[in-house]
Amino acid sequence: MKVTIAQIAKEAGVSPGSVSNALNNRKGAISPKKREEIIEVATRLGYFKKGKRTGVITLVLYEAGEDIVHGEQPFFSALIKGIEEACYKNEYQLRIRTVKNNDRKAIQDLDDVSMSDGLLIIGTEMHFKDVEQFKHFKIPFVIVDNAYIMENCDFVAINNKDGMYEITKYLIDQGYKRIGLLNSWSTINNFKERKFGFLQALEDNDILFDPNDEVFLESDIHGSEQEMRQYLQQQKQLHISLPEAYVCMNDYIALGAIRAMKAFDVKIAIAGFDDIEFAQYNDPPLTTVQVKKDILGATAVERLLRLFDGDEQSLKILVNTNVIKRESA
């Protein structure tokens with residue numbers, strides 16, 4: 001049976017109005033200590049995690065200045081579509097909000113059980129310290145597209161390390177011995193995990209990595225093309241040889257690099273990561289790591305629904321990837 005505000009008020013020895021103020025985090029209406037007491041009672045009675053209250057799930061696009069998360073980008077539009085379809089299937093409405101990491105009020109306002117039953121937080125740009133802002137939320141939440149060690153909350157993320165390992169191993173199996181890395185200036189956790197996978201694949205196959213073969217580029221197609229052009233021009237002027245193949249942090253970097261290499265008539269095998277829709281239509285079609293964005297989104301919704309049912313054990317769920325073999329490699 002659904003826990004009511006009246007039940008919470010009776011148990012806490014306060015008025016229903018005070019309970020409403022506490023649950024909706026209305027500043028100044030009651031003291032912080034009294035709010036904590038009411039929240040504790042509501043939690044003990046099972047108000048926060050059992051049953052459907054509003055029928056709404058809030059999708060939070062969390063921005064931390066990395067300029068990665070954009071709803072119009074192919075990766076995130078596909079991820080959001082997967083979340084929308086899973087919400088619809090489970091008879092939930094989806095509300096989308098964008099918050100910046102330095103807007104503490106906007107972040108705290110998300111902890112509002114009158115607005116939604118739970119949160120799905122796109123944590124692609126989240127750094128380790130950012131997770132702390134959500135750890136004490138009373139409303140259930142799942143962080144999507146990121147996962148940190150030593151954090152006791154729920155994550156649903158891409159298996160970045162294994163995916164990058166597999167695509168690097170594929171290049172090695174093709175006979176390439178000198179493999180470079182087209183990295184990103186962005187410091188998001190996904191890219192760090194991918195680099196770990198890349199280096200592990202080289203080490204496991206007794207291939208030494210030359211740090212000079214790591215190039216840092218912008219994460220979008222235009223920016224990566226311009227910076228790759230500058231890099232190729234520099235290497236040409238200095239008469240420095242290039243790797244036989246490159247692995248890229250994402251498809252945008254790979255596609256931009258291919259454009260730059262065409263301009264310099266350079267033929268190097270190249271592989272991306274994410275399998276955005278137009279990767280298959282590139283010339284040449286891009287070899288890449290396929291991320292099932294719809295499964296990633298649906299899995300996040302399913303995990304949140306389990307939290308609504310009172311699942312107390314936090315989980316870190318990694319969605320596996322596939323290597324898509326095309327002509328670029």
# chains A, B, ... in the order shown; residues from 1 in each chain; ligands from 1
>>> residues_around(residues="Asn183 (chain A)", least_positions_apart="5", cutoff="6 Å", atoms="only C-alpha atoms", output="PyMOL selection string")
chain A and resi 215-216+249
>>> residues_around(residues="Lys192 (chain A)", least_positions_apart="6", cutoff="12 Å", atoms="only C-alpha atoms", output="PyMOL selection string")
chain A and resi 124+127+146-148+160-161+164+183-186+198-199+249
>>> closest_residue(among="A:Gly297, A:Gly310, A:Pro243, A:Pro211", to="Ile83 (chain A)", atoms="only C-alpha atoms")
A:Gly297
>>> closest_residue(among="A:Gly123, A:Gly197, A:Pro284, A:Gly118", to="Val301 (chain A)", atoms="only C-alpha atoms")
A:Gly118
>>> residues_around(residues="region 64-78 of chain A", least_positions_apart="3", cutoff="8 Å", atoms="only C-alpha atoms", output="number ranges by chain")
A: 61, 81-82, 100-102, 124-126, 186-188, 219, 274, 276-277, 293-294
>>> select_by_dssp(residues="region 31-236 of chain A", states="helix (DSSP H, G or I)", output="PyMOL selection string")
chain A and resi 32-45+74-89+104-109+128-133+160-173+189-204+211-213+221-236
>>> write_last_selection(atoms="C-alpha atoms", output="compact mmCIF listing (two decimals), in the first residue's frame")
# COMPACT_ATOMS: atom_id res chain seq x y z
CA PRO A 32 16.96 21.75 8.26
CA LYS A 33 16.94 19.56 11.38
CA LYS A 34 13.16 19.10 11.26
CA ARG A 35 13.33 18.31 7.54
CA GLU A 36 15.91 15.60 8.20
CA GLU A 37 13.70 14.09 10.91
CA ILE A 38 10.70 14.01 8.56
CA ILE A 39 12.78 12.58 5.71
CA GLU A 40 14.09 9.87 8.04
CA VAL A 41 10.53 8.87 8.96
CA ALA A 42 9.45 8.91 5.30
CA THR A 43 12.41 6.74 4.38
CA ARG A 44 11.71 4.25 7.16
CA LEU A 45 8.09 3.97 6.08
CA PRO A 74 23.76 11.18 -32.64
CA PHE A 75 25.07 9.21 -29.65
CA PHE A 76 22.97 11.03 -27.06
CA SER A 77 19.87 11.34 -29.23
CA ALA A 78 19.95 7.54 -29.66
CA LEU A 79 20.51 7.04 -25.91
CA ILE A 80 17.63 9.38 -25.04
CA LYS A 81 15.39 7.58 -27.53
CA GLY A 82 16.15 4.27 -25.81
CA ILE A 83 15.29 5.79 -22.43
CA GLU A 84 12.06 7.29 -23.78
CA GLU A 85 10.92 3.98 -25.26
CA ALA A 86 11.66 2.11 -22.03
CA CYS A 87 9.76 4.71 -19.98
CA TYR A 88 6.77 4.51 -22.32
CA LYS A 89 6.81 0.70 -22.13
CA ARG A 104 24.13 23.82 -6.64
CA LYS A 105 20.57 25.07 -6.33
CA ALA A 106 19.48 23.41 -9.57
CA ILE A 107 21.11 20.16 -8.45
CA GLN A 108 19.47 20.22 -5.02
CA ASP A 109 16.10 21.02 -6.58
CA PHE A 128 34.69 11.77 -9.37
CA LYS A 129 33.92 14.70 -7.05
CA ASP A 130 30.66 15.46 -8.88
CA VAL A 131 29.09 12.20 -7.71
CA GLU A 132 29.22 13.44 -4.12
CA GLN A 133 26.52 16.02 -4.87
CA ASN A 160 34.68 1.05 -22.36
CA LYS A 161 37.82 -0.80 -21.39
CA ASP A 162 36.84 -4.11 -22.99
CA GLY A 163 35.46 -2.39 -26.08
CA MET A 164 38.71 -0.54 -26.72
CA TYR A 165 40.72 -3.67 -25.98
CA GLU A 166 38.75 -5.61 -28.61
CA ILE A 167 39.10 -2.98 -31.36
CA THR A 168 42.84 -2.67 -30.68
CA LYS A 169 43.21 -6.46 -30.76
CA TYR A 170 41.38 -6.50 -34.09
CA LEU A 171 43.97 -4.12 -35.57
CA ILE A 172 46.77 -6.23 -34.16
CA ASP A 173 45.22 -9.33 -35.74
CA ASN A 189 36.11 9.03 -17.40
CA ASN A 190 34.94 7.09 -20.47
CA PHE A 191 38.02 8.20 -22.40
CA LYS A 192 40.32 7.28 -19.52
CA GLU A 193 38.81 3.78 -19.44
CA ARG A 194 39.24 3.44 -23.19
CA LYS A 195 42.91 4.35 -22.97
CA PHE A 196 43.40 1.66 -20.31
CA GLY A 197 41.88 -0.89 -22.68
CA PHE A 198 44.05 0.26 -25.57
CA LEU A 199 47.29 0.02 -23.57
CA GLN A 200 46.31 -3.35 -22.10
CA ALA A 201 45.73 -4.82 -25.56
CA LEU A 202 49.17 -3.67 -26.72
CA GLU A 203 50.86 -5.00 -23.59
CA ASP A 204 49.12 -8.38 -23.82
CA PRO A 211 53.96 8.07 -26.39
CA ASN A 212 54.87 10.21 -29.42
CA ASP A 213 52.14 8.32 -31.32
CA ILE A 221 34.54 16.32 -36.39
CA HIS A 222 35.48 19.88 -37.40
CA GLY A 223 37.87 20.47 -34.51
CA SER A 224 39.60 17.10 -34.87
CA GLU A 225 40.03 17.62 -38.63
CA GLN A 226 41.68 21.02 -38.17
CA GLU A 227 44.02 19.84 -35.43
CA MET A 228 44.88 16.63 -37.29
CA ARG A 229 45.77 18.71 -40.36
CA GLN A 230 48.17 20.75 -38.22
CA TYR A 231 49.70 17.59 -36.78
CA LEU A 232 50.20 15.97 -40.19
CA GLN A 233 51.76 19.16 -41.55
CA GLN A 234 54.15 19.28 -38.62
CA GLN A 235 55.17 15.62 -38.99
CA LYS A 236 55.72 16.12 -42.72
>>> atom_distance(atom1="CA of Cys153 (chain A)", atom2="CA of Glu91 (chain A)")
25.0 Å
>>> atom_distance(atom1="CA of Leu318 (chain A)", atom2="CA of Leu119 (chain A)")
18.7 Å
>>> atom_distance(atom1="CA of Lys52 (chain A)", atom2="CA of Asn152 (chain A)")
24.3 Å
>>> residues_around(residues="Val142 (chain A)", least_positions_apart="4", cutoff="12 Å", atoms="only C-alpha atoms", output="ChimeraX atom specification")
/A:57-60,117-123,131,134-135,137,146-147,152-157,296-297,299-308,314-317
>>> select_by_dssp(residues="region 79-157 of chain A", states="strand (DSSP E)", output="PyMOL selection string")
chain A and resi 93-100+118-122+141-144+155-157
>>> residues_around(residues="Asn322 (chain A)", least_positions_apart="6", cutoff="8 Å", atoms="only C-alpha atoms", output="list in words")
Gly163, Val289, Gln290 and Val291 of chain A
>>> closest_residue(among="A:Asn21, A:Ser114, A:Ser15, A:Thr4", to="Thr54 (chain A)", atoms="only C-alpha atoms")
A:Ser114
>>> decode(residues="region 109-136 of chain A", atoms="C-alpha atoms", output="short mmCIF file (atom, residue, chain, number, x, y, z; two decimals), in the first residue's frame")
data_model
loop_
_atom_site.label_atom_id
_atom_site.label_comp_id
_atom_site.auth_asym_id
_atom_site.auth_seq_id
_atom_site.Cartn_x
_atom_site.Cartn_y
_atom_site.Cartn_z
CA ASP A 109 16.10 21.02 -6.58
CA LEU A 110 16.26 17.67 -8.37
CA ASP A 111 15.77 15.96 -5.00
CA ASP A 112 12.03 16.62 -5.18
CA VAL A 113 9.68 13.63 -4.87
CA SER A 114 6.69 15.73 -5.85
CA MET A 115 8.10 16.23 -9.35
CA SER A 116 9.27 12.73 -10.27
CA ASP A 117 9.70 9.23 -8.93
CA GLY A 118 13.40 9.07 -9.74
CA LEU A 119 16.30 10.42 -11.76
CA LEU A 120 18.36 9.12 -14.66
CA ILE A 121 21.51 11.26 -14.71
CA ILE A 122 23.58 11.35 -17.89
CA GLY A 123 26.94 11.37 -16.15
CA THR A 124 29.24 11.38 -19.19
CA GLU A 125 30.89 14.63 -18.08
CA MET A 126 30.86 13.77 -14.38
CA HIS A 127 34.14 13.75 -12.54
CA PHE A 128 34.69 11.77 -9.37
CA LYS A 129 33.92 14.70 -7.05
CA ASP A 130 30.66 15.46 -8.88
CA VAL A 131 29.09 12.20 -7.71
CA GLU A 132 29.22 13.44 -4.12
CA GLN A 133 26.52 16.02 -4.87
CA PHE A 134 23.99 13.23 -5.40
CA LYS A 135 25.04 10.60 -2.86
CA HIS A 136 22.73 11.88 -0.12
#
